[in-house]
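Quick look at coords-v8.cif (mmCIF, C-alpha atoms):
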```cif
data_work
loop_
_atom_site.label_atom_id
_atom_site.label_comp_id
_atom_site.auth_asym_id
_atom_site.auth_seq_id
_atom_site.Cartn_x
_atom_site.Cartn_y
_atom_site.Cartn_z
CA MET A 1 29.41 40.86 2.14
CA ASN A 2 28.65 38.81 5.24
CA TRP A 3 25.02 39.91 5.18
CA LYS A 4 24.75 38.81 1.61
CA ARG A 5 26.15 35.42 2.54
CA ALA A 6 23.75 35.04 5.44
CA PHE A 7 20.87 35.96 3.16
CA VAL A 8 21.87 33.32 0.61
CA ALA A 9 22.19 30.71 3.39
CA VAL A 10 18.72 31.48 4.73
CA VAL A 11 17.15 31.39 1.28
CA ALA A 12 18.86 28.07 0.60
CA ALA A 13 17.70 26.65 3.93
CA LEU A 14 14.04 27.65 3.56
CA PRO A 15 12.97 24.95 1.11
CA LEU A 16 14.75 22.37 3.23
CA LEU A 17 12.96 23.55 6.36
CA TRP A 18 9.67 23.46 4.50
CA LEU A 19 10.43 19.88 3.45
CA PHE A 20 11.19 18.93 7.06
CA LYS A 21 7.97 20.53 8.22
CA PHE A 22 6.08 18.52 5.61
CA GLY A 23 7.88 15.28 6.45
CA PHE A 24 7.88 15.45 10.22
CA THR A 25 4.24 16.36 10.61
CA ARG A 26 3.04 13.31 8.72
CA ASN A 27 2.38 9.94 10.26
CA PRO A 28 4.33 7.39 8.20
CA ALA A 29 1.87 4.71 9.31
CA ASP A 30 -0.99 6.53 7.59
CA ILE A 31 -1.38 5.07 4.15
CA PRO A 32 -3.61 7.21 1.96
CA SER A 33 -6.37 5.00 0.60
CA PRO A 34 -7.43 5.40 -3.02
CA LEU A 35 -10.79 3.77 -2.22
CA PRO A 36 -13.09 6.57 -0.96
CA GLY A 37 -15.23 7.75 -3.86
CA ARG A 38 -14.98 4.41 -5.64
CA PRO A 39 -17.59 1.63 -5.79
CA ALA A 40 -17.19 -0.77 -2.88
CA PRO A 41 -15.63 -4.11 -3.88
CA ALA A 42 -18.20 -6.90 -3.93
CA PHE A 43 -18.11 -9.60 -1.27
CA ALA A 44 -20.02 -12.77 -0.39
CA LEU A 45 -19.00 -14.12 3.01
CA PRO A 46 -20.57 -16.41 5.61
CA VAL A 47 -21.97 -15.18 8.92
CA PHE A 48 -20.22 -16.67 11.97
CA ALA A 49 -21.48 -14.35 14.72
CA THR A 50 -25.22 -13.81 14.56
CA GLY A 51 -25.83 -10.38 16.04
CA GLU A 52 -28.84 -9.70 18.23
CA GLY A 53 -32.57 -9.03 18.00
CA PRO A 54 -33.79 -7.49 14.74
CA LEU A 55 -30.23 -7.33 13.39
CA ALA A 56 -29.52 -11.05 13.86
CA ARG A 57 -28.58 -13.28 10.92
CA THR A 58 -28.24 -17.05 10.85
CA VAL A 59 -24.78 -18.58 11.17
CA GLY A 60 -23.64 -19.81 7.76
CA ASP A 61 -25.81 -17.39 5.79
CA THR A 62 -23.94 -15.67 3.02
CA LEU A 63 -24.10 -11.89 3.08
CA ARG A 64 -23.42 -10.07 -0.17
CA LEU A 65 -22.69 -6.44 -0.91
CA ARG A 66 -25.57 -6.13 -3.38
CA GLU A 67 -28.04 -7.20 -0.71
CA PHE A 68 -27.44 -3.83 0.98
CA SER A 69 -27.87 -1.56 -2.01
CA GLY A 70 -30.18 1.28 -1.03
CA LYS A 71 -28.83 1.14 2.53
CA VAL A 72 -25.91 2.77 4.23
CA LEU A 73 -23.49 -0.06 4.96
CA VAL A 74 -20.91 0.15 7.74
CA VAL A 75 -18.16 -2.46 7.37
CA ASN A 76 -15.85 -2.90 10.33
CA PHE A 77 -12.69 -5.03 10.06
CA TRP A 78 -11.64 -6.30 13.48
CA ALA A 79 -9.94 -9.09 15.41
CA SER A 80 -9.98 -10.35 18.97
CA TRP A 81 -6.21 -9.77 19.26
CA CYS A 82 -6.62 -6.09 18.38
CA ILE A 83 -6.61 -3.69 21.33
CA PRO A 84 -8.29 -0.63 19.74
CA CYS A 85 -11.08 -2.92 18.50
CA ARG A 86 -12.02 -3.41 22.13
CA GLU A 87 -12.16 0.35 22.54
CA GLU A 88 -14.51 0.94 19.59
CA HIS A 89 -16.77 -2.07 20.18
CA GLU A 90 -19.24 -0.15 22.34
CA ALA A 91 -19.55 2.68 19.79
CA LEU A 92 -20.26 0.25 16.96
CA THR A 93 -22.68 -2.01 18.75
CA THR A 94 -24.77 0.87 20.18
CA SER A 95 -24.73 2.82 16.91
CA ALA A 96 -26.04 -0.25 15.09
CA ARG A 97 -28.90 -0.34 17.60
CA ASP A 98 -29.51 3.39 17.19
CA TYR A 99 -30.32 2.87 13.53
CA ILE A 100 -32.68 -0.09 13.85
CA GLY A 101 -35.59 0.54 11.49
CA ARG A 102 -33.57 2.93 9.30
CA PRO A 103 -31.89 1.94 6.02
CA VAL A 104 -28.55 1.27 7.74
CA GLN A 105 -26.67 -2.01 8.11
CA PHE A 106 -23.61 -2.78 10.20
CA VAL A 107 -21.38 -5.72 9.37
CA GLY A 108 -18.23 -6.93 11.11
CA VAL A 109 -15.53 -8.75 9.17
CA LEU A 110 -13.09 -10.90 11.12
CA TYR A 111 -9.48 -10.25 10.12
CA ASN A 112 -6.85 -12.96 10.59
CA ASP A 113 -8.35 -14.49 13.70
CA ARG A 114 -9.90 -17.75 14.87
CA PRO A 115 -13.72 -17.65 14.95
CA ALA A 116 -13.77 -19.37 18.38
CA ASP A 117 -11.53 -16.64 19.84
CA ALA A 118 -13.70 -14.00 18.20
CA LEU A 119 -16.93 -15.45 19.62
CA ARG A 120 -15.37 -15.58 23.09
CA TRP A 121 -14.27 -11.96 22.65
CA ILE A 122 -17.80 -10.88 21.68
CA ALA A 123 -19.31 -12.72 24.67
CA GLY A 124 -16.70 -11.15 26.96
CA LEU A 125 -17.72 -7.67 25.82
CA GLY A 126 -21.42 -8.30 26.41
CA GLY A 127 -22.38 -9.23 22.87
CA GLN A 128 -22.45 -7.51 19.50
CA SER A 129 -25.70 -6.21 18.04
CA TYR A 130 -24.83 -6.77 14.37
CA PRO A 131 -23.61 -9.87 12.50
CA ALA A 132 -19.97 -10.63 11.73
CA LEU A 133 -18.49 -12.44 8.73
CA LEU A 134 -15.55 -14.76 8.18
CA ASP A 135 -12.97 -13.66 5.62
CA PRO A 136 -10.75 -16.64 4.86
CA GLY A 137 -7.40 -15.67 3.37
CA ALA A 138 -8.20 -12.01 4.08
CA ARG A 139 -9.41 -11.70 0.48
CA MET A 140 -12.06 -9.13 1.32
CA ALA A 141 -9.63 -7.24 3.56
CA ILE A 142 -7.09 -6.98 0.73
CA ASP A 143 -9.89 -6.01 -1.66
CA TYR A 144 -10.65 -3.12 0.70
CA GLY A 145 -6.98 -2.18 1.04
CA VAL A 146 -6.94 -3.00 4.75
CA TYR A 147 -3.50 -2.87 6.34
CA GLY A 148 -4.43 -3.17 9.98
CA VAL A 149 -7.38 -3.40 12.31
CA PRO A 150 -9.59 -1.76 13.17
CA GLU A 151 -10.61 -0.15 9.91
CA THR A 152 -14.15 0.96 9.19
CA PHE A 153 -15.70 1.70 5.80
CA ILE A 154 -18.91 3.62 5.28
CA ILE A 155 -20.62 2.74 2.03
CA ASP A 156 -23.42 4.93 0.68
CA PRO A 157 -26.77 3.61 -0.61
CA ALA A 158 -25.40 3.62 -4.16
CA GLY A 159 -22.65 1.22 -3.11
CA ARG A 160 -19.82 3.74 -3.16
CA ILE A 161 -17.22 3.93 -0.40
CA THR A 162 -17.73 7.33 1.17
CA TYR A 163 -15.36 7.19 4.09
CA LYS A 164 -12.57 5.03 5.46
CA HIS A 165 -11.66 5.26 9.12
CA THR A 166 -8.38 3.89 10.42
CA GLY A 167 -8.17 3.07 14.12
CA ALA A 168 -10.90 3.03 16.73
CA ILE A 169 -14.04 4.78 15.50
CA THR A 170 -16.37 6.80 17.72
CA ARG A 171 -20.12 7.12 17.87
CA ALA A 172 -19.89 10.77 16.85
CA VAL A 173 -17.99 9.94 13.67
CA LEU A 174 -20.37 7.11 12.82
CA HIS A 175 -23.45 9.26 13.36
CA THR A 176 -22.10 12.20 11.40
CA TRP A 177 -21.37 10.10 8.32
CA ILE A 178 -24.44 7.88 8.51
CA ASP A 179 -26.80 10.80 9.09
CA SER A 180 -25.41 12.70 6.12
CA LEU A 181 -25.98 9.67 3.90
CA VAL A 182 -29.37 8.67 5.29
CA SER A 183 -30.78 12.17 4.92
CA ASP A 184 -29.36 12.18 1.41
CA LYS A 185 -31.43 9.13 0.81
CA ALA A 186 -34.65 10.61 2.23
CA THR A 187 -34.63 13.26 -0.48
CA ARG A 188 -33.01 11.06 -3.01
CA ALA A 189 -33.10 11.38 -6.71
CA PRO A 190 -31.26 8.56 -8.49
CA ALA A 191 -28.92 11.01 -10.17
CA SER A 192 -27.84 12.73 -6.97
CA ARG A 193 -27.14 9.53 -5.10
CA GLY A 194 -23.71 9.07 -6.54
CA SER A 195 -22.44 12.35 -5.17
CA GLY A 196 -21.55 10.65 -1.91
CA ARG A 197 -22.16 13.36 0.64
CA MET B 198 50.65 18.57 -9.62
CA SER B 199 47.50 20.52 -10.38
CA ARG B 200 47.00 18.67 -13.65
CA ARG B 201 47.28 15.41 -11.81
CA THR B 202 44.64 16.49 -9.30
CA ILE B 203 42.25 17.35 -12.09
CA ALA B 204 42.93 14.05 -13.84
CA THR B 205 42.31 12.12 -10.64
CA LEU B 206 39.03 13.92 -10.03
CA ALA B 207 37.94 13.35 -13.60
CA ALA B 208 38.69 9.63 -13.26
CA LEU B 209 36.73 9.54 -10.02
CA GLY B 210 33.80 11.25 -11.67
CA ALA B 211 33.88 8.88 -14.60
CA ALA B 212 33.94 5.90 -12.24
CA LEU B 213 30.92 7.27 -10.39
CA CYS B 214 29.01 7.84 -13.60
CA LEU B 215 29.75 4.32 -14.81
CA ALA B 216 28.83 2.70 -11.51
CA GLY B 217 25.23 3.91 -11.71
CA PRO B 218 24.28 2.35 -15.05
CA ALA B 219 26.23 -0.81 -14.18
CA ARG B 220 24.10 -1.37 -11.11
CA ALA B 221 20.98 -0.63 -13.10
CA GLN B 222 22.01 -3.35 -15.57
CA ASP B 223 22.49 -5.78 -12.70
CA ARG B 224 19.01 -5.08 -11.56
CA ALA B 225 17.61 -5.43 -15.06
CA ALA B 226 19.33 -8.80 -15.36
CA GLN B 227 17.76 -9.93 -12.11
CA GLY B 228 14.38 -8.74 -13.28
CA THR B 229 14.47 -10.76 -16.49
CA ALA B 230 15.85 -13.93 -14.88
CA PRO B 231 12.46 -15.34 -13.76
CA ALA B 232 10.97 -14.74 -17.19
CA ALA B 233 13.89 -16.54 -18.83
CA THR B 234 13.51 -19.60 -16.59
CA SER B 235 9.77 -19.74 -17.04
CA ALA B 236 10.07 -20.28 -20.79
CA PRO B 237 11.94 -23.63 -20.66
CA ALA B 238 9.73 -24.75 -17.78
CA SER B 239 6.56 -24.38 -19.80
CA ALA B 240 8.01 -26.26 -22.78
CA PRO B 241 7.74 -29.76 -21.20
CA THR B 242 4.07 -29.12 -20.44
CA ALA B 243 3.32 -29.07 -24.13
CA ALA B 244 5.58 -32.02 -24.98
CA GLY B 245 4.81 -34.61 -22.31
CA THR B 246 1.02 -34.76 -22.12
CA SER B 247 0.75 -38.47 -22.99
CA ASN B 248 2.97 -39.74 -20.19
CA SER B 249 1.54 -39.19 -16.71
CA ALA B 250 4.97 -39.23 -15.05
CA ALA B 251 6.25 -36.67 -17.50
CA ASN B 252 3.04 -34.80 -16.98
CA SER B 253 3.45 -34.53 -13.23
CA ALA B 254 7.09 -33.57 -13.72
CA ALA B 255 5.95 -30.89 -16.13
CA ASN B 256 3.33 -29.79 -13.63
CA SER B 257 5.87 -29.41 -10.89
CA ALA B 258 8.11 -27.54 -13.31
CA ALA B 259 5.18 -25.27 -14.16
CA ASP B 260 4.51 -24.91 -10.44
CA SER B 261 8.04 -23.84 -9.70
CA ALA B 262 7.88 -21.44 -12.63
CA LEU B 263 4.69 -19.99 -11.17
CA ASP B 264 6.38 -19.78 -7.78
CA GLU B 265 9.22 -17.83 -9.30
CA ARG B 266 6.88 -15.48 -11.13
CA THR B 267 4.95 -15.01 -7.89
CA ALA B 268 8.17 -14.24 -6.02
CA ALA B 269 9.21 -11.77 -8.71
CA VAL B 270 5.95 -9.85 -8.31
CA ALA B 271 5.93 -10.22 -4.51
CA ARG B 272 9.39 -8.65 -4.33
CA THR B 273 8.02 -5.45 -5.86
CA LEU B 274 5.08 -5.08 -3.46
CA ARG B 275 5.37 -3.44 -0.07
CA CYS B 276 4.10 -5.31 2.96
CA PRO B 277 1.43 -3.10 4.59
CA VAL B 278 2.14 -4.25 8.14
CA CYS B 279 5.95 -4.07 7.98
CA GLN B 280 8.58 -1.36 7.75
CA GLY B 281 9.97 -1.09 4.23
CA GLU B 282 9.79 -4.81 3.55
CA SER B 283 8.37 -6.58 0.52
CA ILE B 284 5.59 -9.12 0.88
CA GLN B 285 8.10 -11.69 -0.40
CA ALA B 286 10.49 -10.98 2.49
CA SER B 287 7.91 -10.67 5.25
CA PRO B 288 6.71 -13.66 7.29
CA SER B 289 3.60 -11.79 8.44
CA GLU B 290 0.19 -13.34 7.92
CA LEU B 291 -1.08 -10.57 5.65
CA ALA B 292 2.05 -10.80 3.48
CA GLN B 293 1.54 -14.56 3.14
CA GLN B 294 -2.07 -14.02 2.14
CA MET B 295 -1.02 -11.39 -0.37
CA ARG B 296 1.52 -13.79 -1.88
CA THR B 297 -1.20 -16.40 -2.23
CA LEU B 298 -3.39 -13.82 -3.92
CA VAL B 299 -0.57 -12.83 -6.30
CA LYS B 300 -0.11 -16.49 -7.18
CA ASP B 301 -3.83 -17.08 -7.75
CA ARG B 302 -4.05 -14.05 -9.99
CA LEU B 303 -1.00 -15.07 -12.02
CA ARG B 304 -2.38 -18.60 -12.34
CA ALA B 305 -5.67 -17.14 -13.56
CA GLY B 306 -3.70 -15.62 -16.44
CA GLU B 307 -3.06 -12.07 -15.26
CA SER B 308 0.21 -10.46 -16.19
CA PRO B 309 2.58 -9.27 -13.43
CA ASP B 310 1.67 -5.69 -14.30
CA GLN B 311 -2.04 -6.45 -13.98
CA VAL B 312 -1.45 -7.99 -10.56
CA ARG B 313 0.52 -4.93 -9.48
CA ALA B 314 -2.22 -2.68 -10.85
CA TYR B 315 -4.75 -4.54 -8.70
CA PHE B 316 -2.74 -3.86 -5.56
CA VAL B 317 -2.19 -0.23 -6.55
CA SER B 318 -5.95 0.17 -7.03
CA LYS B 319 -6.46 -1.02 -3.44
CA TYR B 320 -3.52 0.49 -1.58
CA GLY B 321 -2.37 3.26 -3.89
CA GLU B 322 1.12 3.78 -5.37
CA TRP B 323 2.42 3.32 -1.83
CA ILE B 324 2.24 -0.45 -2.26
CA LEU B 325 4.97 -0.38 -4.93
CA LEU B 326 8.45 -0.61 -3.40
CA GLU B 327 9.87 1.21 -6.43
CA PRO B 328 7.81 4.17 -7.56
CA SER B 329 6.71 3.89 -11.18
CA MET B 330 8.62 6.13 -13.58
CA THR B 331 5.73 8.36 -14.57
CA GLY B 332 4.76 11.98 -14.10
CA LEU B 333 6.26 13.67 -11.06
CA ASN B 334 8.01 10.45 -10.06
CA LYS B 335 10.48 11.05 -12.90
CA LEU B 336 11.84 13.90 -10.80
CA LEU B 337 12.58 11.35 -8.10
CA TYR B 338 14.76 9.37 -10.45
CA ALA B 339 16.38 12.43 -12.01
CA PHE B 340 17.28 14.02 -8.69
CA PRO B 341 20.26 11.80 -7.72
CA VAL B 342 21.73 12.14 -11.21
CA LEU B 343 21.39 15.93 -11.05
CA LEU B 344 22.93 15.88 -7.59
CA VAL B 345 26.01 13.98 -8.82
CA ILE B 346 26.41 16.30 -11.82
CA GLY B 347 26.01 19.35 -9.60
CA GLY B 348 28.53 17.99 -7.08
CA LEU B 349 31.08 17.26 -9.77
CA ALA B 350 30.62 20.76 -11.20
CA PHE B 351 31.09 22.22 -7.73
CA VAL B 352 34.26 20.22 -7.09
CA ALA B 353 35.62 21.16 -10.52
CA MET B 354 34.95 24.82 -9.73
CA LEU B 355 36.78 24.53 -6.41
CA VAL B 356 39.73 22.76 -7.97
CA ARG B 357 40.00 25.37 -10.66
CA ARG B 358 39.95 28.09 -8.05
CA TRP B 359 42.62 26.40 -5.89
CA THR B 360 44.92 25.67 -8.80
CA GLY B 361 44.28 29.20 -10.06
CA THR B 362 45.45 30.79 -6.82
CA ALA B 363 48.46 28.44 -6.74
CA ALA B 364 49.54 29.63 -10.19
CA SER B 365 49.17 33.32 -9.39
CA PRO B 366 51.70 34.96 -7.07
CA PRO B 367 51.03 34.01 -3.45
CA PRO B 368 49.00 36.47 -1.38
CA SER B 369 50.73 38.77 1.06
CA PRO B 370 52.72 36.70 3.55
CA PRO B 371 51.22 36.52 7.03
CA ALA B 372 52.37 39.42 9.14
CA PRO B 373 54.35 38.27 12.11
#
```

Would you write out, as C-alpha cells, the structure that this file holds?
Amino acid sequence: MNWKRAFVAVVAALPLLWLFKFGFTRNPADIPSPLPGRPAPAFALPVFATGEGPLARTVGDTLRLREFSGKVLVVNFWASWCIPCREEHEALTTSARDYIGRPVQFVGVLYNDRPADALRWIAGLGGQSYPALLDPGARMAIDYGVYGVPETFIIDPAGRITYKHTGAITRAVLHTWIDSLVSDKATRAPASRGSGR
Amino acid sequence: MSRRTIATLAALGAALCLAGPARAQDRAAQGTAPAATSAPASAPTAAGTSNSAANSAANSAADSALDERTAAVARTLRCPVCQGESIQASPSELAQQMRTLVKDRLRAGESPDQVRAYFVSKYGEWILLEPSMTGLNKLLYAFPVLLVIGGLAFVAMLVRRWTGTAASPPPSPPAP
C-alpha cells in the first residue's frame, strides 16, 4: 500500500522534474532569433568611421546591403558603452584584415551611441580595420532583431543570414563561419548558394 | 451541516468560474477603447478641411488618436532590454525607438496586427507579451481552466468522502 503510494508520487513528480530541468538550464536572456535562414533585411546607412587601408570607406558614403551581394558580409552591432564590445574588438578587426583580398566584408553598426564617443573609443583601442555605420533611431538594429550589443550577423553571398552571434564573438567563430561560406562560394553553383552552409 | 458545506463550496466554485470571464471582459473593453475613440477623432478631419484652425485642431485630434493607437500596440509588445515590461511602459532608449517605429508604421497605414507581425518576424513570438491563441499556445490558455475544474472536482471528492464517513457509524473509538 505504501509502496504503491510512493510509486504514484514518483511518477507524478517526474514530469515536474523534467520541466524544472528544462526551465532551469535555459538562459532567460537568450531570445531565439527567427532570422537565421532568412534573407538579410536591406539597409542603406552612412559611414562615420572610415576603417583602414584597403578596407577604408569615405565618411558620409552610403553603404547598402545589395552592394555586398556575392560576398560574405559580417555585420557587427556595437557601442562604446558596451563592455563585451571592447573584448571582441581585436577579434573583429584582425579577422577583417585576415580576409583582405577575399570576397568578405566587415561592417560595424553603431547602436544607440554618440558618433564622437564611438570614434574616441576606436582610437583608444588602436583603430578599427573596417568601416562603421550610423543607425539613427536604431531602425536597422530593430530590423535585425537586435536586443543588445554586441550582436554579430554573418550573411552569406546570396544575402541570407546564416548565423547570429549574441555577445562577444571570437576569431575562431568568425573564421569557422566565414570559411564555410567562402569555400561554398569557390565551388558555387547559383542553385546551391541558397543552402547557407 | 454537510449540505451546507457542499452548498458553500458550490457557491465558491461558481464565483471563481464567473470571475474569470468577467476579467476577460474587462480586458476586452480596454482593448476596444482606443479604437472607439479613434473613430470620432477622425471625423473632424473630413469635416473641417476649409478652415485652417479647424484643420490644425483636427490634426492634433488625429495625432492624439494615432498616439493612442500607438500606445495600444506598444502595450502588447515586450521590451527586449527589460524584464517583462512592455515597450509602452519602459523608458529605455530601444523601447522609445520601437514606439516611434510602431507609430511610423501605423501612420503609413499598417494595421496594428501588421505592426505586431513585423516585430514577430524580427524577434519571434517572444516579443508578444500575450502569446497568440494558436496551435500549442491554446494549451497555455486551457491549462488554468483545466486546473480550476480539476481542483473543484478534487475538493468535491474530498467533501463527499468526509461527509460520507460522518454519516456512517464512527470508526472504532481510540483505544486508551

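Take the candidates A:Phe77, A:Phe20, A:Tyr147, A:Tyr111 and check each one against chain B using all atoms listed in the file; the shortest distance goes to A:Tyr147.
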
Q) Residues picked by the PyMOL selection byres ((chain B) within 10 of (chain A)) here, as a PyMOL selection string? A) chain B and resi 276-280+290-291+293-295+297-298+315-324

Edge lengths and centre in Å to one decimal, as lines of an AutoDock Vina configuration file, of the axis-aligned box that encloses all listed atoms of stretch 278-297 of chain B with 4 Å added on every side?
```
center_x = 4.2
center_y = -8.7
center_z = 3.1
size_x = 20.6
size_y = 23.3
size_z = 18.7
```

**Q.** Residue neighbourhood A:Glu90, 9 Å, all atoms listed in the file, exclusion window fewer than 6 positions, as a list in words
**A.** Leu125, Gln128, Thr170 and Arg171 of chain A

Q: Using atom CA of A:Phe43 and atom CA of A:Met140 as the two end points, give the distance in Å to one decimal.
A: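 Distance between the two atoms: 6.6 Å.
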
**Q.** Result set, the PyMOL selection byres ((chain B and resi 267) around 10) on current file, as a list of chain:residue names
**A.** B:Pro231, B:Ser261, B:Ala262, B:Leu263, B:Asp264, B:Glu265, B:Arg266, B:Ala268, B:Ala269, B:Val270, B:Ala271, B:Arg272, B:Gln285, B:Arg296, B:Thr297, B:Leu298, B:Val299, B:Lys300, B:Asp301, B:Arg302, B:Leu303, B:Arg304, B:Pro309, B:Val312

Hey, can you spit out that residue selection with C-alpha atoms as an mmCIF file, in the frame of the given file?
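This is the output file out.cif:
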```cif
data_model
loop_
_atom_site.group_PDB
_atom_site.id
_atom_site.type_symbol
_atom_site.label_atom_id
_atom_site.label_comp_id
_atom_site.auth_asym_id
_atom_site.auth_seq_id
_atom_site.Cartn_x
_atom_site.Cartn_y
_atom_site.Cartn_z
ATOM 1 C CA PRO B 231 12.460 -15.340 -13.760
ATOM 2 C CA SER B 261 8.040 -23.840 -9.700
ATOM 3 C CA ALA B 262 7.880 -21.440 -12.630
ATOM 4 C CA LEU B 263 4.690 -19.990 -11.170
ATOM 5 C CA ASP B 264 6.380 -19.780 -7.780
ATOM 6 C CA GLU B 265 9.220 -17.830 -9.300
ATOM 7 C CA ARG B 266 6.880 -15.480 -11.130
ATOM 8 C CA ALA B 268 8.170 -14.240 -6.020
ATOM 9 C CA ALA B 269 9.210 -11.770 -8.710
ATOM 10 C CA VAL B 270 5.950 -9.850 -8.310
ATOM 11 C CA ALA B 271 5.930 -10.220 -4.510
ATOM 12 C CA ARG B 272 9.390 -8.650 -4.330
ATOM 13 C CA GLN B 285 8.100 -11.690 -0.400
ATOM 14 C CA ARG B 296 1.520 -13.790 -1.880
ATOM 15 C CA THR B 297 -1.200 -16.400 -2.230
ATOM 16 C CA LEU B 298 -3.390 -13.820 -3.920
ATOM 17 C CA VAL B 299 -0.570 -12.830 -6.300
ATOM 18 C CA LYS B 300 -0.110 -16.490 -7.180
ATOM 19 C CA ASP B 301 -3.830 -17.080 -7.750
ATOM 20 C CA ARG B 302 -4.050 -14.050 -9.990
ATOM 21 C CA LEU B 303 -1.000 -15.070 -12.020
ATOM 22 C CA ARG B 304 -2.380 -18.600 -12.340
ATOM 23 C CA PRO B 309 2.580 -9.270 -13.430
ATOM 24 C CA VAL B 312 -1.450 -7.990 -10.560
#
```

**Q.** Nearby residues (all atoms listed in the file) at most 8 Å from A:Ala42, same-chain spacing under 6 positions excluded, as a VMD selection string
**A.** chain A and resid 64 to 66

Store the residues picked out above in a file with C-alpha atoms, as a CSV table (one decimal), keeping the file's coordinate frame.
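Resulting contents of again-v6.csv:
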```
chain,number,residue,atom,x,y,z
A,64,ARG,CA,-23.4,-10.1,-0.2
A,65,LEU,CA,-22.7,-6.4,-0.9
A,66,ARG,CA,-25.6,-6.1,-3.4
```

Q.
Just to confirm, what's the straight-line distance from atom CA of A:Gly70 to atom CA of A:Ala40 in Å (one decimal)?
A.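 Atom-to-atom, atom CA of A:Gly70 to atom CA of A:Ala40, that is 13.3 Å.
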
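If you look at atom CA of B:Gly332 and atom CA of B:Arg313, they are 18.0 Å away from each other.
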
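Residue nearest A:Ala172, chosen from A:Trp3, A:Gly51, A:Val104, A:Glu88 and counting all atoms listed in the file: A:Glu88.
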
**Q.** Spatial neighbours of A:Trp121, 10 Å, only C-alpha atoms, chain gap at least 4 places, as a list in words
**A.** Ala79, Ser80, Trp81, Arg86, Pro115, Ala116, Asp117, Leu125, Gly126, Gly127 and Gln128 of chain A

(Q) Which residue is closest to B:Ile284? Choose from B:Pro341, B:Leu333, B:Gly347, B:Leu325 and count only C-alpha atoms. (A) B:Leu325

Q. If you count all atoms listed in the file, which residues fall within 7 Å of A:Thr166, apart from same-chain ones fewer than 5 positions away, as a PyMOL selection string?
A. chain A and resi 150-152

Q: Please evaluate the PyMOL selection byres ((chain A and resi 74) around 12) against the displayed coordinates and give the resulting residues as a ChimeraX atom specification.
A: /A:40,65,68,71-73,75-77,92-93,95-96,99,103-109,130-132,151-157,159-165,169,173-175,177-178,181

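With all atoms listed in the file as the atoms that count, the residue of A:Cys85, A:Ile100, A:Ala168, A:Val10 with the shortest distance to A:Gly53 is A:Ile100.
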
Q.
From the options A:Asp113, A:His89, A:Arg102, A:Ile122, which residue's atoms come nearest to A:Leu55, counting all atoms listed in the file?
A.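 So, comparing all the options, the nearest one is A:Arg102.
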